[in-house]
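Step one of this worksheet: look at the structure below.
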Amino acid sequence: MEGNLPRAKRLFGTNGVRGEIGRDMHPDLVLRIGLALGSLRGGSIIVGRDTRTSGPALASALQAGLMATGCRVADAGVIPTPALQYAVGKHYDAGAMVTASHNPPEYNGVKIIDTDGTEMGDREIVLLEDRIFSDSITTVAWNRVGTVVSAPHIAEEYVQGVCSHFPEGAGEGMTVVVDPGSGAGCATTPALLAGLGCRVHTINARMDGTFPGRDPEPTEEGLAPLAEMVKATGAAFGAAHDGDADRTVFVDEKGRFLEENREFALVARHLTRNQRGTIVMPVSTSRLVEMVGREAGCRVDYTPVGSIYVARRMRDLRAAGTPVMMGGEGNGGLIFPDHQFCRDGGMTAAMMVSLLATTGESLSALAGDLPEMTMIKEKIRTPRARDAVLTLERAFSGEDLDRTDGIRLNREDAWALIRPSGTEPLLRILVEAGDAGRAEALHREIRNHLRNAGITTGARS
Ligand code: MG
């Protein structure tokens with residue numbers, strides 16, 4: 001996606017490499033990732049992990065590969081991915097995070113963090129994969145083998161880094177409930193909200209790689225106990241993370257789940273109250289964010305789907321002198337460029353405190369001010385996903401089509417994104433409109449074009 005690639009990635013997806021333990025994720029693969037990263041980057045490299053039971057074994061394999069290629073390894077233990085990224089940006093030549101993010105407990109994987117703290121870009125990942133699959137990685141001589149030291153201060157440094165963006169006591173008088181889902185956010189989010197002066201209650205805040213309270217993916221159903229606790233404690237909101245705490249989702253003071261695109265829109269509205277700048281997001285994001293941004297006089301910039309494209313676009317815009325307000329995805333992964341160029345769950349939770357403290361309104365009232373949108377999502381399992389995109393491109397030619405990732409059809413009252421999966425024989429369809437009838441009509445139109453082209457349509461979600 002970043003210019004012309006020499007060839008496609010084989011192992012890594014948009015968020016690192018992931019697999020099921022014992023099936024397609026093994027310590028020997030992770031050892032090779034360590035050897036490859038160590039020989040590609042060298043220097044001092046920090047390794048972190050989420051709370052998965054397989055984490056220590058995989059992190060050890062990764063560290064072995066890094067040391068065998070001469071790196072100085074800092075072992076941060078269990079920390080959120082954004083805390084690791086923050087540390088790389090400040091102190092290290094690169095980082096590696098052992099995590100499977102929101103995937104079930106039996107999964108694990110590795111995200112590679114480059115020198116500037118962003119996830120490693122496509123070009124470097126292709127070079128890294130070349131090394132992973134080659135037989136010729138040279139390890140260093142006995143007297144140049146690397147070392148490992150523990151780095152227990154990273155969580156604290158990150159907490160202080162987040163708090164430094166807000167006035168002292170920003171959360172005073174506010175009660176909040178945090179649900180890190182037994183994941184890496186246990187290490188930081190309760191502490192940082194307390195650091196802002198909030199009264200903090202927690203649920204699922206003991207690190208546990210079996211994830212006994214709920215799945216690492218923070219879904220509305222999984223957050224029912226959080227919602228109960230928010231109501232019982234009279235909290236202003238409940239904040240929940242995925243396994244590595246780069247994403248945060250919220251329930252309001254009435255215990256109602258805040259859809260993630262609405263979360264993005266509320267935070268964007270808050271940040272653009274007194275300032276203008278570009279808001280960056282993937283083409284899959286609700287039009288709600290664009291509406292809020294334009295209302296505030298901001299420019300909106302769309303990228304391909306994947307947080308790394310958002311983060312790097314933000315970084316590049318800023319480097320070119322363009323003011324950038326924020327970026328993010330409609331899944332609770334928000335990026336605050338004054339802090340760092342990556343999705344940051346801790347920063348997102350802190351921003352909600354700032355938002356409520358500044359406006360003096362309840363979260364439910366603020367969310368109620370946003371227009372309602374209807375979003376329809378469909379996945380179609382077909383080997384002809386690319387044909388389908390071409391078919392629809394022809395059918396809608398003459399209309400406003402954006403080709404950033406698949407095709408996005410923009411109409412006045414509705415829009416649709418039709419995108420083939422990069423890794424599976426799968427076509428993803430997303431339709432959104434302010435009016436439910438308009439969304440249904442456009443979805444039907446797309447299905448009819450596909451059916452006429454002999455492509456069977458699939459299950460809606
Ligand atoms: Mg994650």
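Each chain in the structure tokens gets a letter, A, B and so on, in the order shown; residues start at 1 in every chain, and ligands are counted from 1 in the order they appear.
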Checklist entry - Which neighbours of stretch 220-224 of chain A fall inside 10 Å, counting only C-alpha atoms, when residues of the same chain fewer than 3 positions from it are skipped, and could you give them as a PyMOL selection string? => result chain A and resi 179+181+203+213-217+227-230+238-240+249-251+255-259
Checklist entry - Can I get the residues close to ligand 1 as JSON, numbers by chain, where close means within 7 Å and we count only C-alpha atoms and all ligand atoms? => result {"A": [101, 102, 242, 243, 244, 245, 246, 247]}
Item to check | Non-local contacts of A:Arg318 (12 Å; only C-alpha atoms; under 2 positions in same chain excluded) as a PyMOL selection string | outcome: chain A and resi 277-280+311-316+320-326+337-338+340-341
Can I get the selected residues back with all heavy atoms, as a compact mmCIF listing (two decimals), in the first residue's frame?
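Result saved to again.txt:
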```
# COMPACT_ATOMS: atom_id res chain seq x y z
N GLY A 277 -7.43 21.14 12.06
CA GLY A 277 -6.34 20.35 11.50
C GLY A 277 -6.95 19.16 10.81
O GLY A 277 -8.17 18.99 10.84
N THR A 278 -6.11 18.35 10.22
CA THR A 278 -6.61 17.19 9.48
C THR A 278 -6.95 16.05 10.44
O THR A 278 -6.27 15.84 11.43
CB THR A 278 -5.55 16.74 8.46
OG1 THR A 278 -5.25 17.85 7.61
CG2 THR A 278 -6.03 15.58 7.61
N ILE A 279 -8.02 15.31 10.11
CA ILE A 279 -8.35 14.07 10.82
C ILE A 279 -8.12 12.94 9.83
O ILE A 279 -8.61 12.98 8.70
CB ILE A 279 -9.82 14.08 11.30
CG1 ILE A 279 -10.07 15.28 12.22
CG2 ILE A 279 -10.16 12.78 12.01
CD1 ILE A 279 -11.53 15.48 12.58
N VAL A 280 -7.34 11.94 10.24
CA VAL A 280 -6.96 10.85 9.34
C VAL A 280 -7.63 9.56 9.77
O VAL A 280 -7.65 9.24 10.96
CB VAL A 280 -5.42 10.67 9.31
CG1 VAL A 280 -5.02 9.62 8.29
CG2 VAL A 280 -4.72 11.99 9.02
N ALA A 311 -1.44 5.88 10.96
CA ALA A 311 -0.35 6.44 11.78
C ALA A 311 0.73 7.07 10.91
O ALA A 311 1.19 8.18 11.18
CB ALA A 311 0.25 5.34 12.66
N ARG A 312 1.09 6.37 9.85
CA ARG A 312 2.19 6.88 9.02
C ARG A 312 1.76 8.08 8.18
O ARG A 312 2.55 8.98 7.93
CB ARG A 312 2.75 5.75 8.16
CG ARG A 312 3.42 4.73 9.07
CD ARG A 312 4.23 3.69 8.36
NE ARG A 312 5.19 3.17 9.31
CZ ARG A 312 6.45 2.87 9.03
NH1 ARG A 312 6.90 3.03 7.81
NH2 ARG A 312 7.25 2.42 9.96
N ARG A 313 0.49 8.09 7.74
CA ARG A 313 -0.01 9.27 7.01
C ARG A 313 0.03 10.48 7.94
O ARG A 313 0.44 11.57 7.55
CB ARG A 313 -1.44 9.01 6.53
CG ARG A 313 -2.12 10.20 5.84
CD ARG A 313 -1.62 10.47 4.43
NE ARG A 313 -1.73 9.31 3.58
CZ ARG A 313 -2.84 8.90 2.95
NH1 ARG A 313 -3.94 9.61 3.06
NH2 ARG A 313 -2.83 7.83 2.20
N MET A 314 -0.39 10.29 9.19
CA MET A 314 -0.38 11.40 10.16
C MET A 314 1.03 11.92 10.36
O MET A 314 1.28 13.12 10.36
CB MET A 314 -0.95 10.92 11.51
CG MET A 314 -2.42 10.58 11.47
SD MET A 314 -2.94 9.75 13.00
CE MET A 314 -2.86 11.10 14.16
N ARG A 315 1.94 10.98 10.52
CA ARG A 315 3.35 11.34 10.72
C ARG A 315 3.88 12.14 9.53
O ARG A 315 4.52 13.17 9.68
CB ARG A 315 4.16 10.05 10.91
CG ARG A 315 5.59 10.25 11.29
CD ARG A 315 6.38 8.97 11.06
NE ARG A 315 6.32 8.59 9.64
CZ ARG A 315 6.80 7.47 9.14
NH1 ARG A 315 7.34 6.58 9.93
NH2 ARG A 315 6.73 7.21 7.85
N ASP A 316 3.56 11.66 8.31
CA ASP A 316 4.07 12.32 7.10
C ASP A 316 3.45 13.70 6.91
O ASP A 316 4.12 14.65 6.52
CB ASP A 316 3.81 11.45 5.86
CG ASP A 316 4.60 10.14 5.92
OD1 ASP A 316 5.52 10.05 6.77
OD2 ASP A 316 4.30 9.21 5.14
N ALA A 320 5.37 17.35 6.96
CA ALA A 320 5.27 18.29 5.85
C ALA A 320 4.67 19.63 6.30
O ALA A 320 4.39 20.50 5.49
CB ALA A 320 4.43 17.68 4.73
N GLY A 321 4.43 19.75 7.61
CA GLY A 321 3.95 21.03 8.13
C GLY A 321 2.44 21.17 8.19
O GLY A 321 1.92 22.25 8.47
N THR A 322 1.70 20.10 7.89
CA THR A 322 0.22 20.16 7.96
C THR A 322 -0.23 19.87 9.39
O THR A 322 0.18 18.86 9.95
CB THR A 322 -0.38 19.09 7.02
OG1 THR A 322 0.15 19.28 5.72
CG2 THR A 322 -1.90 19.15 6.99
N PRO A 323 -1.06 20.72 9.97
CA PRO A 323 -1.55 20.41 11.32
C PRO A 323 -2.46 19.17 11.29
O PRO A 323 -3.34 19.07 10.44
CB PRO A 323 -2.36 21.65 11.70
CG PRO A 323 -2.16 22.65 10.63
CD PRO A 323 -1.60 21.97 9.43
N VAL A 324 -2.21 18.23 12.18
CA VAL A 324 -3.00 17.00 12.25
C VAL A 324 -3.61 16.92 13.64
O VAL A 324 -2.91 16.96 14.65
CB VAL A 324 -2.12 15.76 12.00
CG1 VAL A 324 -2.95 14.50 12.08
CG2 VAL A 324 -1.44 15.85 10.64
N MET A 325 -4.94 16.85 13.70
CA MET A 325 -5.62 16.82 14.99
C MET A 325 -5.57 15.45 15.63
O MET A 325 -5.21 15.28 16.78
CB MET A 325 -7.10 17.18 14.83
CG MET A 325 -7.39 18.60 14.41
SD MET A 325 -6.54 19.79 15.44
CE MET A 325 -7.11 19.33 17.04
N MET A 326 -6.00 14.47 14.88
CA MET A 326 -6.03 13.11 15.40
C MET A 326 -6.26 12.14 14.26
O MET A 326 -6.50 12.54 13.13
CB MET A 326 -7.13 12.94 16.45
CG MET A 326 -8.53 12.95 15.88
SD MET A 326 -9.84 12.49 17.08
CE MET A 326 -9.40 10.84 17.62
N PRO A 337 -1.59 12.55 17.89
CA PRO A 337 -0.24 12.83 17.38
C PRO A 337 0.64 13.64 18.32
O PRO A 337 1.85 13.59 18.20
CB PRO A 337 -0.51 13.60 16.08
CG PRO A 337 -1.88 14.15 16.23
CD PRO A 337 -2.63 13.20 17.10
N ASP A 338 0.04 14.39 19.27
CA ASP A 338 0.89 15.12 20.21
C ASP A 338 1.56 14.15 21.18
O ASP A 338 2.54 14.49 21.84
CB ASP A 338 0.07 16.14 21.02
CG ASP A 338 -0.40 17.28 20.12
OD1 ASP A 338 0.19 17.45 19.04
OD2 ASP A 338 -1.37 17.96 20.51
N GLN A 340 1.87 10.25 20.49
CA GLN A 340 2.67 9.39 19.63
C GLN A 340 1.81 8.90 18.45
O GLN A 340 0.59 8.96 18.49
CB GLN A 340 3.26 8.21 20.40
CG GLN A 340 2.24 7.33 21.12
CD GLN A 340 2.90 6.11 21.77
OE1 GLN A 340 4.07 5.81 21.51
NE2 GLN A 340 2.17 5.40 22.61
N PHE A 341 2.50 8.40 17.40
CA PHE A 341 1.81 7.99 16.18
C PHE A 341 1.44 6.51 16.22
O PHE A 341 1.91 5.72 15.42
CB PHE A 341 2.68 8.31 14.96
CG PHE A 341 2.84 9.78 14.71
CD1 PHE A 341 4.00 10.43 15.06
CD2 PHE A 341 1.80 10.52 14.15
CE1 PHE A 341 4.14 11.79 14.84
CE2 PHE A 341 1.93 11.88 13.94
CZ PHE A 341 3.10 12.52 14.28
```
Item to check | Residue nearest A:Glu260 among A:Ala8, A:Leu355, A:Leu392, A:Ala367 (counting only C-alpha atoms) | outcome: A:Ala367
Checklist entry - Taking into account only C-alpha atoms, which residue in the set A:Val300, A:Val30, A:Val267, A:Val283 is nearest to A:Arg18? => result A:Val30
